[in-house]
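For reference, upload37.cif (mmCIF, C-alpha atoms and all ligand atoms):
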```
data_model
#
loop_
_atom_site.label_atom_id
_atom_site.label_comp_id
_atom_site.auth_asym_id
_atom_site.auth_seq_id
_atom_site.Cartn_x
_atom_site.Cartn_y
_atom_site.Cartn_z
CA MET Q 1 -63.37 82.45 -20.15
CA ARG Q 2 -66.96 83.62 -20.76
CA ILE Q 3 -69.98 81.33 -20.70
CA THR Q 4 -73.31 82.19 -22.30
CA CYS Q 5 -76.11 81.24 -19.91
CA PRO Q 6 -79.28 80.42 -21.87
CA HIS Q 7 -81.19 82.76 -19.53
CA CYS Q 8 -78.74 85.50 -18.54
CA GLY Q 9 -76.51 85.87 -21.61
CA GLU Q 10 -72.71 86.01 -21.62
CA ARG Q 11 -71.20 86.00 -18.13
CA ASP Q 12 -67.83 85.68 -16.49
CA HIS Q 13 -67.02 82.05 -15.68
CA ARG Q 14 -66.56 82.96 -12.00
CA GLU Q 15 -70.35 83.19 -11.70
CA PHE Q 16 -70.48 79.44 -12.42
CA TYR Q 17 -69.76 76.34 -10.36
CA TYR Q 18 -68.13 73.51 -12.29
CA LYS Q 19 -69.64 70.04 -11.85
CA GLY Q 20 -67.82 67.91 -14.41
CA HIS Q 21 -68.65 65.83 -17.45
CA ALA Q 22 -72.36 66.01 -18.37
CA LEU Q 23 -72.88 62.29 -17.80
CA ALA Q 24 -75.56 62.83 -15.14
CA LEU Q 25 -77.86 63.41 -18.12
CA GLU Q 26 -77.26 59.81 -19.25
CA ARG Q 27 -77.84 57.96 -16.00
CA PRO Q 28 -78.38 54.24 -16.67
CA SER Q 29 -81.68 52.63 -15.72
CA PRO Q 30 -81.65 50.83 -12.34
CA ASP Q 31 -81.54 47.39 -14.02
CA ALA Q 32 -78.90 48.31 -16.63
CA GLY Q 33 -76.45 45.87 -15.08
CA GLU Q 34 -73.10 46.00 -13.32
CA ALA Q 35 -71.00 46.93 -16.34
CA ALA Q 36 -73.13 49.96 -17.22
CA TRP Q 37 -73.19 51.16 -13.60
CA ASP Q 38 -69.47 50.56 -13.11
CA ASP Q 39 -68.84 52.68 -16.18
CA TYR Q 40 -71.23 55.41 -15.01
CA VAL Q 41 -69.82 55.65 -11.51
CA HIS Q 42 -66.09 55.12 -12.12
CA GLN Q 43 -64.97 55.49 -15.71
CA ARG Q 44 -64.14 59.00 -16.89
CA GLU Q 45 -62.87 60.26 -20.20
CA ASN Q 46 -60.27 62.99 -20.19
CA PRO Q 47 -60.52 64.29 -23.73
CA ALA Q 48 -57.94 66.55 -25.34
CA GLY Q 49 -60.49 68.36 -27.45
CA VAL Q 50 -64.24 68.77 -27.33
CA THR Q 51 -66.02 67.88 -24.10
CA ARG Q 52 -69.47 68.42 -22.61
CA ASP Q 53 -69.67 69.67 -19.02
CA LEU Q 54 -72.30 70.62 -16.49
CA TRP Q 55 -71.94 74.07 -14.95
CA TYR Q 56 -74.24 75.62 -12.36
CA HIS Q 57 -75.03 79.33 -12.68
CA GLU Q 58 -74.60 79.79 -8.96
CA GLY Q 59 -73.90 83.54 -8.99
CA GLY Q 60 -76.77 84.11 -11.40
CA CYS Q 61 -80.07 82.49 -12.28
CA GLY Q 62 -79.52 79.11 -10.61
CA ALA Q 63 -79.82 77.06 -13.81
CA TRP Q 64 -77.75 74.01 -14.70
CA VAL Q 65 -76.10 74.58 -18.06
CA VAL Q 66 -74.55 72.07 -20.47
CA VAL Q 67 -71.41 73.65 -21.92
CA SER Q 68 -69.58 72.24 -24.94
CA ARG Q 69 -65.99 73.42 -24.97
CA ASN Q 70 -62.59 72.58 -26.29
CA THR Q 71 -60.07 71.66 -23.60
CA LEU Q 72 -57.15 72.46 -25.91
CA THR Q 73 -58.20 75.96 -26.97
CA HIS Q 74 -60.64 76.92 -24.14
CA GLU Q 75 -63.11 77.82 -26.86
CA VAL Q 76 -66.75 77.57 -25.75
CA LEU Q 77 -68.66 75.98 -28.61
CA GLY Q 78 -72.19 76.14 -27.29
CA THR Q 79 -74.46 76.09 -24.26
CA GLN Q 80 -77.88 74.67 -23.50
CA ALA Q 81 -80.15 74.60 -20.43
CA ALA Q 82 -79.78 71.16 -18.82
CA SER Q 83 -83.57 70.99 -18.48
CA GLU Q 84 -83.79 71.13 -22.28
CA ALA Q 85 -80.81 68.88 -22.97
CA ARG Q 86 -82.58 66.13 -21.01
CA ALA Q 87 -85.99 66.58 -22.57
CA MET X 88 -95.81 90.11 25.74
CA GLY X 89 -94.16 93.36 24.75
CA ASN X 90 -95.13 95.35 21.74
CA LEU X 91 -92.89 94.11 18.91
CA VAL X 92 -91.77 96.67 16.36
CA ALA X 93 -90.70 95.53 12.89
CA LYS X 94 -87.12 96.46 12.02
CA SER X 95 -86.25 96.93 8.35
CA PRO X 96 -83.08 95.21 7.03
CA CYS X 97 -81.15 98.48 6.56
CA LYS X 98 -82.38 100.21 9.72
CA GLY X 99 -79.59 102.44 11.05
CA LEU X 100 -77.47 101.92 7.88
CA LEU X 101 -79.26 104.13 5.36
CA PRO X 102 -79.91 106.68 3.90
CA LEU X 103 -76.48 107.66 2.70
CA SER X 104 -75.26 110.41 0.36
CA VAL X 105 -71.91 110.66 -1.38
CA GLY X 106 -71.40 113.54 -3.82
CA ALA X 107 -74.50 113.71 -6.00
CA MET X 108 -75.34 110.04 -5.37
CA SER X 109 -77.57 108.58 -2.73
CA ALA X 110 -78.51 105.17 -1.40
CA SER X 111 -81.76 104.58 0.42
CA GLU X 112 -83.75 101.64 1.66
CA VAL X 113 -86.87 100.60 -0.24
CA GLU X 114 -89.71 99.23 1.85
CA THR X 115 -91.45 97.22 -0.81
CA GLY X 116 -94.27 95.58 1.11
CA ALA X 117 -95.02 91.96 0.29
CA MET X 118 -92.45 89.91 -1.65
CA THR X 119 -93.42 86.51 -3.02
CA MET X 120 -91.36 84.10 -5.08
CA LEU X 121 -93.44 82.52 -7.84
CA SER X 122 -92.43 79.35 -9.70
CA PRO X 123 -94.66 77.83 -12.36
CA ARG X 124 -95.80 74.27 -11.75
CA LYS X 125 -94.65 71.82 -14.41
CA GLY X 126 -96.06 72.83 -17.81
CA GLN X 127 -98.07 75.67 -16.26
CA ASP X 128 -95.95 78.63 -17.42
CA GLY X 129 -98.69 79.97 -19.68
CA ALA X 130 -101.45 79.42 -17.13
CA LEU X 131 -99.49 81.22 -14.41
CA ASP X 132 -98.85 84.11 -16.80
CA GLU X 133 -102.59 84.35 -17.52
CA ALA X 134 -103.52 84.22 -13.84
CA MET X 135 -101.00 86.99 -13.07
CA ARG X 136 -102.48 89.16 -15.82
CA ALA X 137 -106.02 88.57 -14.60
CA VAL X 138 -105.26 89.19 -10.91
CA HIS X 139 -102.43 91.73 -10.95
CA GLY X 140 -102.48 93.24 -14.44
CA LEU X 141 -98.92 92.15 -15.16
CA GLY X 142 -97.52 89.10 -16.91
CA TYR X 143 -94.75 86.63 -16.11
CA PRO X 144 -91.64 88.52 -17.21
CA ALA X 145 -89.21 87.24 -19.83
CA PRO X 146 -85.68 86.40 -18.61
CA SER X 147 -83.89 89.60 -17.51
CA GLY X 148 -87.16 91.53 -17.64
CA VAL X 149 -89.57 93.27 -15.28
CA GLU X 150 -93.33 93.75 -15.57
CA SER X 151 -95.07 96.43 -13.57
CA ALA X 152 -98.58 97.65 -12.85
CA GLY X 153 -99.03 100.50 -10.37
CA GLU X 154 -97.04 99.69 -7.23
CA ALA X 155 -96.69 96.02 -8.14
CA ARG X 156 -93.63 94.65 -9.89
CA ALA X 157 -92.83 91.18 -11.17
CA ILE X 158 -89.03 90.90 -11.31
CA TRP X 159 -87.47 87.97 -13.17
CA PHE X 160 -85.48 86.25 -10.44
CA GLY X 161 -83.74 83.34 -12.13
CA HIS X 162 -84.48 79.93 -13.54
CA SER X 163 -88.23 79.30 -13.08
CA SER X 164 -88.57 82.09 -10.56
CA VAL X 165 -90.11 85.51 -10.41
CA LEU X 166 -90.34 87.84 -7.42
CA LEU X 167 -93.70 89.54 -7.08
CA VAL X 168 -93.07 92.75 -5.15
CA GLY X 169 -95.50 95.28 -3.69
CA ALA X 170 -98.65 93.19 -3.92
CA GLU X 171 -100.16 90.34 -1.93
CA PRO X 172 -100.41 87.44 -4.40
CA GLY X 173 -103.92 86.53 -5.47
CA GLN X 174 -105.09 83.07 -4.43
CA ARG X 175 -105.63 82.09 -8.06
CA LEU X 176 -101.86 82.08 -8.59
CA GLU X 177 -101.52 79.05 -6.32
CA GLU X 178 -103.35 76.86 -8.82
CA HIS X 179 -100.56 77.28 -11.37
CA GLY X 180 -97.51 78.20 -9.31
CA VAL X 181 -95.63 77.51 -6.11
CA LEU X 182 -95.63 80.60 -3.90
CA VAL X 183 -93.08 81.34 -1.18
CA ASP X 184 -93.42 84.38 1.05
CA GLN X 185 -90.04 86.15 1.14
CA SER X 186 -91.26 89.50 2.45
CA ASP X 187 -88.62 89.85 5.16
CA ALA X 188 -85.88 87.92 3.39
CA TRP X 189 -84.35 90.59 1.16
CA ALA X 190 -82.65 93.93 1.72
CA VAL X 191 -83.65 96.31 -1.07
CA VAL X 192 -81.48 99.36 -1.64
CA ARG X 193 -82.12 102.08 -4.18
CA LEU X 194 -79.06 103.72 -5.69
CA ASP X 195 -79.66 107.09 -7.36
CA GLY X 196 -77.69 109.74 -9.14
CA PRO X 197 -75.13 110.37 -11.84
CA GLY X 198 -72.30 107.91 -11.37
CA ALA X 199 -74.59 105.06 -10.30
CA GLU X 200 -73.42 103.06 -13.34
CA ASP X 201 -69.79 103.67 -12.38
CA VAL X 202 -70.49 102.50 -8.84
CA LEU X 203 -72.03 99.27 -10.14
CA ALA X 204 -69.15 98.78 -12.58
CA ARG X 205 -67.00 98.29 -9.45
CA LEU X 206 -69.32 95.74 -7.89
CA VAL X 207 -71.29 93.84 -10.54
CA PRO X 208 -69.67 91.83 -13.39
CA VAL X 209 -72.44 92.74 -15.85
CA ASP X 210 -72.60 95.62 -18.33
CA VAL X 211 -75.18 97.98 -16.76
CA ARG X 212 -74.71 100.93 -19.11
CA LEU X 213 -78.05 102.32 -20.33
CA CYS X 214 -77.40 101.05 -23.87
CA ALA X 215 -76.95 97.45 -22.66
CA PHE X 216 -79.23 97.55 -19.60
CA PRO X 217 -82.19 99.88 -20.25
CA VAL X 218 -84.89 100.85 -17.73
CA GLY X 219 -86.84 97.69 -16.85
CA SER X 220 -83.84 95.36 -17.16
CA THR X 221 -82.87 93.04 -14.34
CA ALA X 222 -79.98 90.64 -13.72
CA ARG X 223 -79.15 87.97 -11.19
CA SER X 224 -75.43 88.31 -10.63
CA LYS X 225 -72.80 89.04 -8.04
CA ILE X 226 -72.81 92.27 -6.03
CA GLY X 227 -69.33 92.28 -4.56
CA HIS X 228 -69.00 88.67 -3.40
CA MET X 229 -72.72 88.29 -2.69
CA SER X 230 -75.36 86.75 -4.92
CA GLY X 231 -77.95 89.40 -5.63
CA SER X 232 -80.35 91.05 -8.00
CA VAL X 233 -79.85 94.31 -9.88
CA THR X 234 -82.76 96.09 -11.54
CA ARG X 235 -82.74 99.39 -13.40
CA VAL X 236 -85.79 101.37 -12.23
CA GLY X 237 -84.83 104.71 -13.84
CA GLU X 238 -82.18 106.24 -16.10
CA ALA X 239 -79.94 106.87 -13.09
CA SER X 240 -81.65 104.63 -10.53
CA PHE X 241 -81.17 101.00 -9.57
CA TRP X 242 -82.60 98.55 -7.07
CA LEU X 243 -80.01 96.28 -5.48
CA MET X 244 -81.19 93.23 -3.57
CA VAL X 245 -79.25 90.81 -1.37
CA PHE X 246 -80.25 88.44 1.42
CA ARG X 247 -81.32 90.41 4.47
CA SER X 248 -78.45 88.99 6.54
CA MET X 249 -76.00 90.69 4.17
CA ALA X 250 -77.50 94.20 4.36
CA GLU X 251 -74.56 95.60 6.30
CA THR X 252 -72.01 94.18 3.84
CA LEU X 253 -74.01 95.57 0.92
CA VAL X 254 -74.08 99.06 2.43
CA HIS X 255 -70.37 98.85 3.27
CA ASP X 256 -69.40 97.77 -0.26
CA LEU X 257 -71.73 100.32 -1.81
CA LYS X 258 -70.40 103.17 0.31
CA SER X 259 -66.78 102.31 -0.58
CA ALA X 260 -67.61 102.20 -4.28
CA MET X 261 -69.59 105.45 -4.12
CA GLU X 262 -66.70 107.21 -2.36
CA ALA X 263 -64.19 105.88 -4.90
CA VAL X 264 -66.33 107.11 -7.81
CA ALA X 265 -66.95 110.51 -6.16
CA ALA X 266 -63.22 110.94 -5.44
CA ARG X 267 -62.49 110.80 -9.16
CA GLY X 268 -64.69 113.91 -9.57
ZN ZN Q 301 -78.09 82.27 -15.77
#
```
Starting from the coordinates I provided, produce the structure as structure tokens.
Ligand SMILES: [Zn+2]
Amino acid sequence: MRITCPHCGERDHREFYYKGHALALERPSPDAGEAAWDDYVHQRENPAGVTRDLWYHEGGCGAWVVVSRNTLTHEVLGTQAASEARA
Amino acid sequence: MGNLVAKSPCKGLLPLSVGAMSASEVETGAMTMLSPRKGQDGALDEAMRAVHGLGYPAPSGVESAGEARAIWFGHSSVLLVGAEPGQRLEEHGVLVDQSDAWAVVRLDGPGAEDVLARLVPVDVRLCAFPVGSTARSKIGHMSGSVTRVGEASFWLMVFRSMAETLVHDLKSAMEAVAARG
């Protein structure tokens, strides 16, 4: 699998550290309530298909990257710097 | 107190020649990591141009002026090498002195690309990685920086504590390439 870092270009996936679903970008506000926080902390989707993950370009530029990929085909559909995805 | 003598990271390890290739230590002088303060990318670039005559490099790029080089060093970071940073830079960037933190090795000669092909998972052929290109990547199992400084010359940088491993891995790769003739 190859991942295109927004800074470094296409790189081998072994240069990256896998964090998990990109939900850290949608952190609820402190007063969002128990249900929202319970969902954020505990509930995970496990999609057979397109998912959005956070990867860290550890063996490269040190950027967090949002990767859209298909868990069925391993196709990487797109990448974006996490700093921009949040903005 | 005794008279302390500075010891370079690759002291006693380099220089080294294998076939027509050589590896030697580069003593770069000052090394400073620059990171723009929030929203100050343009202002830091301007200050660098005014003080050092070189701009903030684009990703994977290097800017140089005389002995000074600004090497792109990752997300929001540039390594200013071979020049003491001007005070004006501090207004727009965060500066960290890393002068003794990195081992810098220069690899020269025909076959240098083949040596790196064994160590670095990035295409460093001249067509894909021309003079003035730089990459943060792996060198062996170490995180490092690779910069092309000439058609057959590279700078390889790893943390100072890994100098011996770098020279070991480099020597093995150089010998393997030379053995193929
Ligand atoms: Zn990167």
Distance in Å - CA of Gln80 (chain Q) versus CA of Asp128 (chain X):
19.5 Å
Compile the residues of chain X that lie within 9 Å of chain Q, evaluated using only C-alpha atoms, and express the compilation as a CSV table (one decimal) with C-alpha atoms, in the coordinates of the input.
```csv
chain,number,residue,atom,x,y,z
X,146,PRO,CA,-85.7,86.4,-18.6
X,147,SER,CA,-83.9,89.6,-17.5
X,160,PHE,CA,-85.5,86.2,-10.4
X,161,GLY,CA,-83.7,83.3,-12.1
X,162,HIS,CA,-84.5,79.9,-13.5
X,163,SER,CA,-88.2,79.3,-13.1
X,164,SER,CA,-88.6,82.1,-10.6
X,208,PRO,CA,-69.7,91.8,-13.4
X,209,VAL,CA,-72.4,92.7,-15.8
X,222,ALA,CA,-80.0,90.6,-13.7
X,223,ARG,CA,-79.2,88.0,-11.2
X,224,SER,CA,-75.4,88.3,-10.6
X,225,LYS,CA,-72.8,89.0,-8.0
X,229,MET,CA,-72.7,88.3,-2.7
X,230,SER,CA,-75.4,86.8,-4.9
X,231,GLY,CA,-78.0,89.4,-5.6
X,232,SER,CA,-80.4,91.0,-8.0
```
Point (-70.1, 57.4, -11.5) neighbourhood (12 Å, all atoms listed in the file) written as a tab-separated table (two decimals) with C-alpha atoms, in the coordinates of the input:
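Okay, result-v3.tsv is ready:
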```tsv
chain	number	residue	atom	x	y	z
Q	20	GLY	CA	-67.82	67.91	-14.41
Q	21	HIS	CA	-68.65	65.83	-17.45
Q	22	ALA	CA	-72.36	66.01	-18.37
Q	23	LEU	CA	-72.88	62.29	-17.80
Q	24	ALA	CA	-75.56	62.83	-15.14
Q	25	LEU	CA	-77.86	63.41	-18.12
Q	26	GLU	CA	-77.26	59.81	-19.25
Q	27	ARG	CA	-77.84	57.96	-16.00
Q	28	PRO	CA	-78.38	54.24	-16.67
Q	34	GLU	CA	-73.10	46.00	-13.32
Q	35	ALA	CA	-71.00	46.93	-16.34
Q	36	ALA	CA	-73.13	49.96	-17.22
Q	37	TRP	CA	-73.19	51.16	-13.60
Q	38	ASP	CA	-69.47	50.56	-13.11
Q	39	ASP	CA	-68.84	52.68	-16.18
Q	40	TYR	CA	-71.23	55.41	-15.01
Q	41	VAL	CA	-69.82	55.65	-11.51
Q	42	HIS	CA	-66.09	55.12	-12.12
Q	43	GLN	CA	-64.97	55.49	-15.71
Q	44	ARG	CA	-64.14	59.00	-16.89
Q	45	GLU	CA	-62.87	60.26	-20.20
```
From Q:Ala85, Q:Thr79, Q:Asp53, Q:Pro47, residue lying nearest ligand ZN 301 (chain Q) [all atoms listed in the file]:
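Looking at the shortest contact to ligand ZN 301 (chain Q), the residue is Q:Thr79.
Closest approach to Ala110 (chain X) among X:Glu251, X:Asp195, X:Glu200, X:Asp187: X:Asp195, based on all atoms listed in the file.
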Near Gly116 (chain X), within 7 Å and counting all atoms listed in the file, which residues show up once chain neighbours fewer than 2 positions away are dropped, as a list in words?
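The residues satisfying every condition are Glu114, Met118, Val168, Gly169 and Ser186 of chain X.
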What would the file look like if the residues just selected were written as a short mmCIF file (atom, residue, chain, number, x, y, z; two decimals), in the frame of the given file with C-alpha atoms?
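And here's part-v4.cif as it stands now:
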```
data_model
loop_
_atom_site.label_atom_id
_atom_site.label_comp_id
_atom_site.auth_asym_id
_atom_site.auth_seq_id
_atom_site.Cartn_x
_atom_site.Cartn_y
_atom_site.Cartn_z
CA GLU X 114 -89.71 99.23 1.85
CA MET X 118 -92.45 89.91 -1.65
CA VAL X 168 -93.07 92.75 -5.15
CA GLY X 169 -95.50 95.28 -3.69
CA SER X 186 -91.26 89.50 2.45
#
```
Can you work out the spacing between CA of Gly126 (chain X) and CA of Tyr56 (chain Q) in Å, to one decimal?
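CA of Gly126 (chain X) sits 22.7 Å away from CA of Tyr56 (chain Q).
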Between CA of Leu103 (chain X) and CA of Val254 (chain X), measure the distance and give it in Å to one decimal.
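Spanning CA of Leu103 (chain X) to CA of Val254 (chain X) is a straight-line distance of 8.9 Å.
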Centre, x/y/z edge lengths, axis-aligned box for region 22-26 of chain Q with 4 Å per side, as AutoDock Vina command-line options:
```
--center_x -75.1 --center_y 62.9 --center_z -17.2 --size_x 13.5 --size_y 14.2 --size_z 12.1
```
Neighbours of Ile158 (chain X) within 8 Å (all atoms listed in the file; same-chain residues fewer than 3 positions away dropped), as a list in words?
Pro144, Gly148, Val149, Glu150, Val165, Leu166, Leu167, Val168 and Thr221 of chain X
